[in-house]
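Participant: I'm passing along my_file37.txt; it holds compact mmCIF, C-alpha atoms.
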# COMPACT_ATOMS: atom_id res chain seq x y z
CA MET A 1 0.00 0.00 0.00
CA THR A 2 1.32 3.44 -0.84
CA ALA A 3 0.54 6.73 0.80
CA ARG A 4 -1.76 7.55 -2.10
CA ASP A 5 -3.95 4.53 -1.34
CA LEU A 6 -4.70 6.04 2.04
CA GLY A 7 -6.29 9.04 0.39
CA PRO A 8 -5.42 12.68 0.65
CA PRO A 9 -4.38 13.83 4.10
CA SER A 10 -7.02 16.54 4.05
CA CYS A 11 -9.94 14.20 3.31
CA HIS A 12 -11.51 14.94 6.70
CA CYS A 13 -11.83 18.64 6.05
CA THR A 14 -15.52 19.30 6.44
CA THR A 15 -14.41 22.02 8.77
CA CYS A 16 -11.08 23.69 8.51
CA ALA A 17 -10.33 22.65 12.09
CA ASP A 18 -6.63 22.95 12.72
CA GLU A 19 -5.11 21.33 9.70
CA GLY A 20 -2.80 22.65 7.03
CA VAL A 21 -2.90 21.98 3.32
CA PRO A 22 0.19 22.34 1.14
CA MET A 23 -0.48 24.43 -1.98
CA ARG A 24 1.63 25.73 -4.85
CA VAL A 25 1.51 29.39 -5.78
CA LEU A 26 0.26 29.79 -9.36
CA GLY A 27 0.55 33.55 -9.45
CA VAL A 28 0.20 36.68 -7.38
CA GLU A 29 -3.16 38.42 -7.78
CA GLY A 30 -3.65 42.11 -8.27
CA ALA A 31 -4.80 42.90 -4.75
CA ALA A 32 -1.98 43.10 -2.23
CA GLY A 33 -1.53 39.99 -0.13
CA LEU A 34 -3.46 37.58 -2.35
CA ALA A 35 -2.22 34.79 -4.58
CA ARG A 36 -3.84 32.11 -6.70
CA CYS A 37 -2.76 28.72 -5.34
CA ALA A 38 -3.51 25.10 -6.21
CA GLY A 39 -3.61 22.06 -3.92
CA GLU A 40 -2.36 18.57 -4.75
CA ASP A 41 -5.75 17.83 -6.31
CA GLY A 42 -5.23 20.69 -8.75
CA VAL A 43 -8.13 22.73 -7.44
CA ALA A 44 -7.18 26.40 -7.40
CA SER A 45 -8.30 29.05 -4.95
CA THR A 46 -7.34 32.51 -3.83
CA VAL A 47 -5.14 32.48 -0.73
CA GLU A 48 -4.20 35.27 1.66
CA THR A 49 -0.39 35.45 1.58
CA THR A 50 0.23 38.50 3.79
CA LEU A 51 1.93 36.39 6.48
CA VAL A 52 4.52 34.84 4.14
CA GLU A 53 5.15 37.62 1.63
CA PRO A 54 6.77 37.97 -0.74
CA VAL A 55 5.73 34.86 -2.64
CA ALA A 56 6.33 33.97 -6.27
CA ALA A 57 4.80 31.51 -8.72
CA GLY A 58 6.06 27.97 -8.12
CA GLU A 59 6.67 28.35 -4.40
CA ARG A 60 4.81 26.15 -1.92
CA VAL A 61 2.98 27.30 1.18
CA LEU A 62 1.07 25.65 4.03
CA VAL A 63 -2.50 26.98 3.94
CA HIS A 64 -4.99 26.98 6.76
CA ALA A 65 -8.49 28.47 6.47
CA GLY A 66 -7.55 30.36 3.34
CA VAL A 67 -4.36 31.83 4.81
CA ALA A 68 -0.77 30.80 4.04
CA LEU A 69 0.92 30.36 7.42
CA VAL A 70 4.39 29.22 6.43
CA ARG A 71 6.50 28.81 3.33
CA LEU A 72 7.56 25.25 2.47
CA ASN A 73 10.24 23.83 0.27
CA ASP A 74 9.21 21.02 -2.06
CA ASP A 75 10.28 18.17 0.20
CA GLU A 76 8.59 19.66 3.25
CA SER A 77 5.30 20.29 1.55
CA GLN A 78 4.90 16.68 0.59
CA ALA A 79 4.71 15.77 4.24
CA SER A 80 3.05 18.61 5.96
CA ALA A 81 -0.69 18.08 5.79
CA MET B 1 12.19 12.00 -2.71
CA ARG B 2 8.48 11.64 -1.91
CA PHE B 3 8.34 12.70 1.71
CA VAL B 4 4.65 11.91 2.08
CA ASP B 5 5.39 8.28 1.26
CA GLU B 6 8.46 8.24 3.48
CA PHE B 7 6.46 9.53 6.42
CA ARG B 8 3.89 6.76 5.92
CA ASP B 9 6.35 3.97 5.20
CA ALA B 10 5.19 0.82 7.01
CA GLU B 11 8.70 -0.67 7.33
CA LEU B 12 10.09 2.51 8.82
CA GLY B 13 7.04 2.66 11.11
CA ARG B 14 7.73 -0.84 12.41
CA ALA B 15 11.39 0.07 12.92
CA VAL B 16 10.47 3.14 14.99
CA ALA B 17 7.94 1.04 16.91
CA GLY B 18 10.81 -1.33 17.75
CA GLU B 19 12.88 1.58 19.02
CA ILE B 20 9.93 2.70 21.12
CA LEU B 21 9.70 -0.76 22.63
CA ALA B 22 13.40 -0.64 23.45
CA ALA B 23 13.04 2.80 25.04
CA VAL B 24 10.24 1.74 27.39
CA ASP B 25 11.11 1.10 31.02
CA PRO B 26 9.08 -2.06 31.84
CA ARG B 27 8.49 -0.80 35.38
CA ARG B 28 6.71 2.32 34.13
CA HIS B 29 3.38 3.20 32.59
CA TYR B 30 3.59 6.24 30.32
CA LYS B 31 0.69 8.62 29.77
CA LEU B 32 1.37 10.94 26.85
CA MET B 33 -1.19 13.55 25.79
CA GLU B 34 -1.56 14.55 22.16
CA VAL B 35 -2.87 18.08 22.44
CA CYS B 36 -4.10 18.53 18.89
CA GLY B 37 -7.21 16.96 17.41
CA GLY B 38 -5.31 16.49 14.16
CA HIS B 39 -2.99 14.09 15.98
CA THR B 40 -5.94 12.21 17.48
CA HIS B 41 -7.36 11.80 13.99
CA ALA B 42 -4.02 10.59 12.59
CA ILE B 43 -3.46 8.14 15.47
CA TYR B 44 -6.74 6.32 14.80
CA LYS B 45 -6.77 6.71 11.04
CA TYR B 46 -3.38 5.02 10.76
CA GLY B 47 -3.66 2.67 13.75
CA ILE B 48 -0.62 4.19 15.44
CA ASP B 49 -1.79 3.14 18.88
CA ASP B 50 -1.72 -0.50 17.73
CA LEU B 51 2.04 -0.17 17.21
CA LEU B 52 2.68 1.06 20.74
CA PRO B 53 3.42 -1.14 23.76
CA ASP B 54 0.61 -1.49 26.32
CA ASP B 55 2.56 0.64 28.77
CA VAL B 56 2.50 3.65 26.44
CA GLU B 57 -0.93 5.20 26.69
CA LEU B 58 -2.01 8.06 24.47
CA VAL B 59 -4.41 10.51 26.11
CA HIS B 60 -6.44 12.80 23.90
CA GLY B 61 -6.29 16.47 24.76
CA PRO B 62 -8.49 19.52 24.27
CA GLY B 63 -7.08 20.61 20.90
CA CYS B 64 -10.13 20.07 18.71
CA PRO B 65 -11.56 23.57 18.20
CA VAL B 66 -15.10 22.34 17.64
CA CYS B 67 -15.06 20.09 20.71
CA VAL B 68 -14.33 22.87 23.19
CA ILE B 69 -17.21 25.17 22.14
CA PRO B 70 -19.73 25.31 25.00
CA MET B 71 -23.46 25.04 24.35
CA GLY B 72 -24.19 28.61 25.38
CA ARG B 73 -21.99 29.99 22.60
CA VAL B 74 -23.82 27.80 20.06
CA ASP B 75 -27.11 29.21 21.36
CA ASP B 76 -25.76 32.74 20.89
CA GLY B 77 -24.86 31.92 17.29
CA ILE B 78 -28.28 30.43 16.58
CA ALA B 79 -29.98 33.53 18.02
CA ILE B 80 -27.99 35.75 15.64
CA ALA B 81 -28.69 33.41 12.71
CA HIS B 82 -32.43 33.91 13.27
CA GLU B 83 -32.13 37.72 13.12
CA PRO B 84 -33.90 39.12 10.03
CA GLY B 85 -31.59 39.81 7.11
CA VAL B 86 -28.62 37.92 8.55
CA ILE B 87 -26.46 35.55 6.53
CA PHE B 88 -24.74 33.41 9.18
CA THR B 89 -21.50 31.72 8.12
CA CYS B 90 -19.34 29.13 9.88
CA PHE B 91 -17.04 26.17 9.27
CA GLY B 92 -18.81 22.96 8.31
CA ASP B 93 -18.63 20.99 11.54
CA MET B 94 -20.03 23.89 13.56
CA LEU B 95 -23.34 23.33 11.77
CA ARG B 96 -23.87 20.09 13.69
CA VAL B 97 -22.75 21.12 17.17
CA PRO B 98 -25.75 20.86 19.48
CA GLY B 99 -26.90 23.88 21.43
CA SER B 100 -29.53 23.66 24.12
CA ASN B 101 -32.28 23.72 21.54
CA GLY B 102 -30.91 22.29 18.31
CA THR B 103 -28.05 23.00 15.96
CA LEU B 104 -27.26 25.64 13.35
CA LEU B 105 -28.34 23.04 10.80
CA ASP B 106 -31.74 22.92 12.52
CA ALA B 107 -31.86 26.72 12.41
CA LYS B 108 -31.19 26.53 8.66
CA ALA B 109 -34.04 24.04 8.28
CA GLN B 110 -36.27 26.49 10.13
CA GLY B 111 -35.48 29.21 7.60
CA ALA B 112 -32.35 30.92 8.88
CA ASP B 113 -29.79 31.70 6.15
CA VAL B 114 -26.87 29.62 7.48
CA ARG B 115 -23.98 28.91 5.10
CA MET B 116 -20.81 26.85 5.37
CA VAL B 117 -17.51 28.51 4.45
CA TYR B 118 -13.94 27.24 4.35
CA SER B 119 -12.41 30.55 5.32
CA PRO B 120 -13.59 33.84 6.87
CA LEU B 121 -12.42 35.41 3.62
CA ASP B 122 -15.32 33.59 1.93
CA ALA B 123 -17.70 35.19 4.42
CA LEU B 124 -16.23 38.61 3.63
CA ARG B 125 -16.74 37.96 -0.09
CA ILE B 126 -20.42 37.23 0.58
CA ALA B 127 -20.65 40.54 2.48
CA ARG B 128 -19.11 42.36 -0.49
CA GLU B 129 -21.54 40.73 -2.91
CA GLN B 130 -24.62 41.31 -0.74
CA PRO B 131 -24.22 44.77 0.78
CA HIS B 132 -27.85 44.90 1.92
CA ARG B 133 -27.52 41.81 4.12
CA GLU B 134 -25.72 41.48 7.46
CA VAL B 135 -23.06 38.78 7.12
CA VAL B 136 -21.84 37.22 10.38
CA PHE B 137 -18.91 34.82 10.69
CA PHE B 138 -18.83 32.44 13.69
CA ALA B 139 -15.09 32.29 14.35
CA ILE B 140 -13.66 29.26 16.15
CA GLY B 141 -10.21 27.79 16.54
CA PHE B 142 -6.82 28.17 18.14
CA GLU B 143 -3.89 30.30 17.02
CA THR B 144 -3.83 28.42 13.71
CA THR B 145 -7.18 29.85 12.67
CA ALA B 146 -7.13 33.18 14.49
CA PRO B 147 -4.76 34.83 11.96
CA SER B 148 -7.23 34.16 9.13
CA THR B 149 -9.99 35.92 11.09
CA ALA B 150 -7.61 38.77 11.95
CA LEU B 151 -6.54 39.28 8.33
CA THR B 152 -10.17 39.16 7.19
CA LEU B 153 -11.10 41.87 9.69
CA LYS B 154 -8.19 44.03 8.54
CA ARG B 155 -9.45 43.72 4.97
CA ALA B 156 -13.01 44.49 6.07
CA GLN B 157 -11.83 47.62 7.84
CA ALA B 158 -9.59 48.72 4.98
CA GLU B 159 -12.42 48.27 2.47
CA GLY B 160 -15.02 49.83 4.79
CA ILE B 161 -17.32 46.81 4.63
CA GLY B 162 -19.90 47.71 7.26
CA ASN B 163 -22.23 44.74 6.86
CA PHE B 164 -19.68 42.19 8.10
CA SER B 165 -19.18 41.11 11.71
CA VAL B 166 -17.63 38.27 13.69
CA VAL B 167 -18.70 36.20 16.70
CA CYS B 168 -15.26 35.65 18.17
CA ASN B 169 -14.77 32.28 19.88
CA HIS B 170 -11.04 32.05 19.27
CA VAL B 171 -9.08 30.44 22.06
CA THR B 172 -5.42 30.10 22.92
CA ILE B 173 -3.61 26.85 23.55
CA VAL B 174 -1.47 27.57 26.59
CA PRO B 175 -4.15 28.28 29.29
CA PRO B 176 -5.97 24.93 28.89
CA LEU B 177 -2.65 23.09 29.05
CA ARG B 178 -1.86 24.88 32.27
CA ALA B 179 -5.34 24.01 33.57
CA LEU B 180 -4.78 20.34 32.72
CA LEU B 181 -1.41 20.36 34.43
CA GLU B 182 -3.01 21.85 37.53
CA SER B 183 -5.80 19.24 37.45
CA PRO B 184 -5.46 16.82 40.37
CA ASP B 185 -7.16 13.90 38.59
CA LEU B 186 -4.78 13.69 35.65
CA ARG B 187 -1.22 12.42 35.71
CA LEU B 188 0.63 13.00 32.47
CA ASP B 189 4.22 12.15 31.62
CA GLY B 190 4.62 14.30 28.51
CA PHE B 191 2.95 16.16 25.66
CA ILE B 192 2.87 15.67 21.90
CA GLY B 193 2.71 19.36 21.00
CA PRO B 194 0.45 20.84 18.31
CA GLY B 195 2.16 21.18 14.94
CA HIS B 196 0.14 23.76 13.10
CA VAL B 197 -0.63 25.96 16.10
CA SER B 198 3.14 26.11 16.51
CA THR B 199 3.65 27.42 12.97
CA VAL B 200 2.05 30.58 14.38
CA VAL B 201 3.12 30.69 18.04
CA GLY B 202 6.41 28.80 17.69
CA ALA B 203 7.88 26.48 20.30
CA ARG B 204 8.68 29.08 22.95
CA PRO B 205 5.17 29.30 24.56
CA PHE B 206 5.45 25.63 25.60
CA GLU B 207 8.67 26.09 27.55
CA PHE B 208 6.73 26.64 30.78
CA ILE B 209 5.68 22.97 30.72
CA PRO B 210 9.16 21.50 31.31
CA ARG B 211 10.27 24.50 33.34
CA GLN B 212 7.35 24.76 35.77
CA TYR B 213 5.75 21.32 35.61
CA GLY B 214 8.67 19.06 34.77
CA ARG B 215 7.04 17.46 31.72
CA PRO B 216 8.70 17.11 28.29
CA VAL B 217 7.06 18.41 25.09
CA VAL B 218 7.70 17.33 21.51
CA ILE B 219 6.04 19.40 18.79
CA SER B 220 4.92 16.92 16.18
CA GLY B 221 3.89 16.63 12.55
CA PHE B 222 0.79 14.77 11.46
CA GLU B 223 2.03 11.84 9.41
CA PRO B 224 2.19 8.42 11.11
CA LEU B 225 5.98 8.46 11.33
CA ASP B 226 5.89 11.98 12.74
CA VAL B 227 3.72 10.84 15.62
CA LEU B 228 5.73 7.66 16.23
CA GLN B 229 8.99 9.58 16.20
CA SER B 230 7.54 12.12 18.63
CA VAL B 231 6.52 9.34 21.02
CA LEU B 232 10.07 7.96 20.78
CA MET B 233 11.57 11.41 21.44
CA LEU B 234 9.38 11.80 24.54
CA LEU B 235 10.34 8.35 25.84
CA ARG B 236 14.02 9.10 25.29
CA GLN B 237 13.73 12.38 27.20
CA LEU B 238 12.02 10.56 30.06
CA GLY B 239 14.55 7.73 29.98
CA GLU B 240 17.55 10.07 29.93
CA GLY B 241 16.11 12.33 32.61
CA ARG B 242 15.90 15.26 30.21
CA CYS B 243 12.93 17.60 30.17
CA GLU B 244 12.64 20.17 27.41
CA VAL B 245 10.70 21.33 24.36
CA GLU B 246 11.85 19.53 21.22
CA ASN B 247 10.65 20.22 17.70
CA GLN B 248 10.09 17.06 15.69
CA TYR B 249 8.22 19.10 13.06
CA ALA B 250 11.16 21.44 12.38
CA ARG B 251 10.66 21.02 8.63
CA VAL B 252 7.54 23.21 9.02
CA VAL B 253 7.57 24.85 12.46
CA PRO B 254 10.02 27.71 13.05
CA PHE B 255 11.08 27.98 16.70
CA ASP B 256 9.82 31.57 16.90
CA GLY B 257 6.59 30.97 14.95
CA ASN B 258 5.21 33.53 12.53
CA VAL B 259 6.01 36.93 14.03
CA ARG B 260 3.87 38.81 11.51
CA ALA B 261 0.83 36.67 12.39
CA LEU B 262 1.35 37.29 16.10
CA GLU B 263 1.60 41.05 15.52
CA ILE B 264 -1.62 41.14 13.50
CA MET B 265 -3.42 39.02 16.10
CA GLY B 266 -2.21 41.43 18.79
CA GLU B 267 -3.68 44.32 16.82
CA VAL B 268 -7.08 42.76 16.08
CA PHE B 269 -7.76 40.72 19.23
CA ALA B 270 -7.67 41.28 22.97
CA LEU B 271 -7.78 38.69 25.74
CA ARG B 272 -11.11 38.09 27.47
CA PRO B 273 -10.84 37.98 31.27
CA HIS B 274 -12.18 34.43 31.10
CA PHE B 275 -13.80 32.10 28.59
CA GLU B 276 -15.83 28.93 29.00
CA TRP B 277 -14.44 25.70 27.56
CA ARG B 278 -16.62 22.70 27.16
CA GLY B 279 -15.69 20.20 29.84
CA LEU B 280 -12.97 22.37 31.30
CA GLY B 281 -15.15 25.20 32.62
CA PHE B 282 -14.05 28.82 32.73
CA ILE B 283 -10.35 29.39 32.13
CA SER B 284 -8.95 32.86 32.71
CA GLN B 285 -7.35 34.72 29.80
CA SER B 286 -7.92 31.80 27.44
CA GLY B 287 -10.30 33.38 24.91
CA LEU B 288 -10.03 36.24 22.46
CA ARG B 289 -12.44 39.07 21.70
CA LEU B 290 -12.12 41.79 19.10
CA SER B 291 -9.93 44.67 20.24
CA ASP B 292 -11.42 48.13 20.73
CA ALA B 293 -10.04 49.17 17.33
CA TYR B 294 -12.19 46.48 15.70
CA ALA B 295 -15.22 46.67 18.02
CA ALA B 296 -17.37 47.90 15.11
CA PHE B 297 -17.09 44.37 13.67
CA ASP B 298 -18.03 42.59 16.90
CA ALA B 299 -21.29 40.70 16.30
CA GLU B 300 -21.81 40.35 20.06
CA LEU B 301 -22.04 44.14 20.27
CA ARG B 302 -24.10 44.45 17.09
CA PHE B 303 -26.75 41.83 17.93
CA ALA B 304 -28.58 40.84 21.08
CA THR B 305 -27.59 37.36 22.24
CA PRO B 306 -28.82 35.26 25.18
CA GLY B 307 -25.29 35.09 26.61
CA VAL B 308 -26.39 32.37 29.00
CA ARG B 309 -24.18 29.57 30.25
CA VAL B 310 -25.80 26.21 29.46
CA ALA B 311 -24.78 23.06 31.28
CA ASP B 312 -23.81 20.06 29.15
CA PRO B 313 -26.34 17.19 28.92
CA LYS B 314 -25.96 14.92 31.94
CA ALA B 315 -25.44 11.82 29.81
CA CYS B 316 -22.56 13.42 27.92
CA GLN B 317 -19.03 12.92 29.27
CA CYS B 318 -17.16 15.08 26.75
CA GLY B 319 -15.58 16.92 29.65
CA GLU B 320 -13.89 13.82 30.99
CA VAL B 321 -12.87 12.80 27.46
CA LEU B 322 -11.37 16.25 26.78
CA LYS B 323 -9.38 16.08 29.99
CA GLY B 324 -8.21 12.57 29.14
CA VAL B 325 -9.78 11.16 32.32
CA ILE B 326 -11.81 8.55 30.41
CA LYS B 327 -11.51 7.00 26.96
CA PRO B 328 -14.36 7.75 24.53
CA TRP B 329 -15.74 4.21 24.70
CA GLU B 330 -16.07 4.55 28.48
CA CYS B 331 -18.75 7.23 28.03
CA LYS B 332 -22.23 5.87 28.73
CA VAL B 333 -23.73 7.11 25.44
CA PHE B 334 -20.75 6.45 23.11
CA GLY B 335 -21.90 4.70 19.95
CA THR B 336 -25.43 4.25 21.21
CA ALA B 337 -27.31 7.49 21.83
CA CYS B 338 -24.30 9.51 20.62
CA THR B 339 -23.00 8.82 17.10
CA PRO B 340 -21.46 11.01 14.37
CA GLU B 341 -24.86 11.05 12.65
CA ARG B 342 -26.68 12.19 15.81
CA PRO B 343 -24.08 13.59 18.19
CA ILE B 344 -24.93 14.55 21.76
CA GLY B 345 -21.46 15.79 22.59
CA THR B 346 -19.04 17.90 20.58
CA CYS B 347 -16.32 15.23 20.60
CA MET B 348 -18.55 13.15 18.32
CA VAL B 349 -19.14 16.02 15.87
CA SER B 350 -15.78 16.92 14.41
CA SER B 351 -13.71 14.22 12.77
CA GLU B 352 -10.86 15.54 14.92
CA GLY B 353 -12.88 14.85 18.06
CA ALA B 354 -11.65 11.88 20.07
CA CYS B 355 -15.06 10.15 20.10
CA ALA B 356 -15.57 10.51 16.34
CA ALA B 357 -12.01 9.28 15.72
CA TYR B 358 -12.66 6.17 17.83
CA TYR B 359 -16.03 5.57 16.22
CA ASN B 360 -15.04 6.20 12.59
CA PHE B 361 -11.92 4.04 12.67
CA GLY B 362 -13.33 0.92 14.25
CA ARG B 363 -12.50 1.52 17.89
CA PHE B 364 -16.16 0.99 18.67
CA ALA B 365 -15.98 -2.73 17.96
CA ARG B 366 -12.74 -3.21 19.87
CA SER B 367 -13.99 -1.16 22.77
CA LYS B 368 -17.04 -3.37 23.13
CA GLU B 369 -14.76 -6.32 23.60
CA ALA B 370 -12.76 -4.33 26.10
CA VAL B 371 -15.90 -3.46 28.04
Could you write out this file's structure as structure tokens?
Facilitator:
Amino acid sequence: MTARDLGPPSCHCTTCADEGVPMRVLGVEGAAGLARCAGEDGVASTVETTLVEPVAAGERVLVHAGVALVRLNDDESQASA
Amino acid sequence: MRFVDEFRDAELGRAVAGEILAAVDPRRHYKLMEVCGGHTHAIYKYGIDDLLPDDVELVHGPGCPVCVIPMGRVDDGIAIAHEPGVIFTCFGDMLRVPGSNGTLLDAKAQGADVRMVYSPLDALRIAREQPHREVVFFAIGFETTAPSTALTLKRAQAEGIGNFSVVCNHVTIVPPLRALLESPDLRLDGFIGPGHVSTVVGARPFEFIPRQYGRPVVISGFEPLDVLQSVLMLLRQLGEGRCEVENQYARVVPFDGNVRALEIMGEVFALRPHFEWRGLGFISQSGLRLSDAYAAFDAELRFATPGVRVADPKACQCGEVLKGVIKPWECKVFGTACTPERPIGTCMVSSEGACAAYYNFGRFARSKEAV
């Protein structure tokens, strides 16, 4: 069994509770402190990035309740949720 | 390297479990509390407890933000949701938390406009789109979630969005830990510290635990190997006579946390003199309200609420579960009158609640044998 067989780590997120979801920055949006980010499932959303600025496309961040709390490198983000 | 696979590798897990076995003093029984509901969920989802020796007992702490909301606060939210013209927003699991007379989901069925959001920023977007409606966000959570509410309020103020307000139920992690450590009916040997709360507050706020109470803390990640390694680190501290805060989750948690988040929280929130926690009672300086600078967005000042303390149902033993005094299956209504479909207590509502974690991952069947 691989990790993927166990499903995504965030599968229990009916509430945000206190979990973090790794996302990749697709691009910074016009408004200050916002960036378009995508999760491992490819679904994109707008994320508040004020707490980890500056961010650039391609970087990974740990997102909780729509807010990026910490910047991750690629290896870290695979394990953080 | 695929770290998510590495941190769920069964062989490595068995190897760490072997090291844990070797680190156990056979004359001792270890009680380790995982503070965070995310850890509770991971422990039962991955069967981590099955890998531990009998003498290493995991006790589930009060770190599920839904589980610690008292019934009176739910009643306050429902009262606001029934106000004419209000769009009431909250995280999904809050919809099912019972108040004294039903849930927010019941209020929705009765005609209140209650909507689930994933972020307070979604609630603010609704307020922008519907300027003639009052949009209220029911904010819950520890220091992980509080920054998102704070940033949303800063945006609301900057944009002059007057039809947005917040019922602030944010709580802080240190006061309940201190209350647990002061509790005479609970003997703990160490703490598995909360990973994502620590991305905001850092490791420093937990230093009082080894310093004042002589208990080790290991801040932990959420993958199975993270939790196993954290248990091992705690056992090694205990075995070597060390007592300190260690950071197993250093790949994500900076020792000093997120300074910018703490500054913004300090600007937007102020400490309440005391706040009620389900099962733990009133704990001084453990809850946050909106600061005077953001009082215009305080839903408790904007709307009339009952503001009444409501005792938990007598049959429900969430309080004892949250304090780690009993296991979920030892509660009289666990799995019978109280199930995830029809919860009586909050611990059965959120998937991060200890009761729901036991129930959803098969601990119900095993517990029946144990009973």
Participant: Using all atoms listed in the file, which chain B residues lie at most 7 Å away from chain A, written as a list in words?
Facilitator: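 Taken together, these residues fit the definition: Arg2, Phe3, Val4, Asp5, Phe7, Arg8, Gly38, Pro65, Phe91, Gly92, Asp93, Tyr118, Ser119, Gly141, Thr144, Thr145, Ser148, His196, Thr199, Gly221, Phe222, Arg251, Val252, Arg260, Ala261 and Ser351 of chain B.
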Participant: I'd like the interatomic distance between atom CA of Ala57 of chain A and atom CA of Asp41 of chain A, to a tenth of an Å.
Facilitator: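 For atom CA of Ala57 of chain A relative to atom CA of Asp41 of chain A, the distance reads 17.4 Å.
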Participant: For Val59 of chain B, work out the shell of residues within 6 Å, counting all atoms listed in the file and skipping chain neighbours fewer than 2 positions away, then give it as a PDB file with C-alpha atoms, in the frame of the given file.
Facilitator:
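Just written: part-v8.pdb:
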ATOM      1  CA  LEU B  32       1.370  10.940  26.850  1.00  0.00           C
ATOM      2  CA  MET B  33      -1.190  13.550  25.790  1.00  0.00           C
ATOM      3  CA  GLY B 324      -8.210  12.570  29.140  1.00  0.00           C
TER       4      GLY B 324
END
Participant: Would you compute the distance between atom CA of Ile48 of chain B and atom CA of Gly335 of chain B? Give it in Å to one decimal.
Facilitator: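 These two atoms are separated by 21.8 Å.
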Participant: Could you give me, as a short mmCIF file (atom, residue, chain, number, x, y, z; two decimals) with C-alpha atoms, in the frame of the given file, the residues that have an atom at most 10 Å away from the point (-23.4, 32.4, 30.3) in the coordinates of the file, using all atoms listed in the file?
Facilitator:
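Full text of part18.cif as output:
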data_model
loop_
_atom_site.label_atom_id
_atom_site.label_comp_id
_atom_site.auth_asym_id
_atom_site.auth_seq_id
_atom_site.Cartn_x
_atom_site.Cartn_y
_atom_site.Cartn_z
CA PRO B 70 -19.73 25.31 25.00
CA MET B 71 -23.46 25.04 24.35
CA GLY B 72 -24.19 28.61 25.38
CA ARG B 73 -21.99 29.99 22.60
CA ASP B 76 -25.76 32.74 20.89
CA PHE B 275 -13.80 32.10 28.59
CA GLU B 276 -15.83 28.93 29.00
CA PRO B 306 -28.82 35.26 25.18
CA GLY B 307 -25.29 35.09 26.61
CA VAL B 308 -26.39 32.37 29.00
CA ARG B 309 -24.18 29.57 30.25
CA VAL B 310 -25.80 26.21 29.46
CA ALA B 311 -24.78 23.06 31.28
#
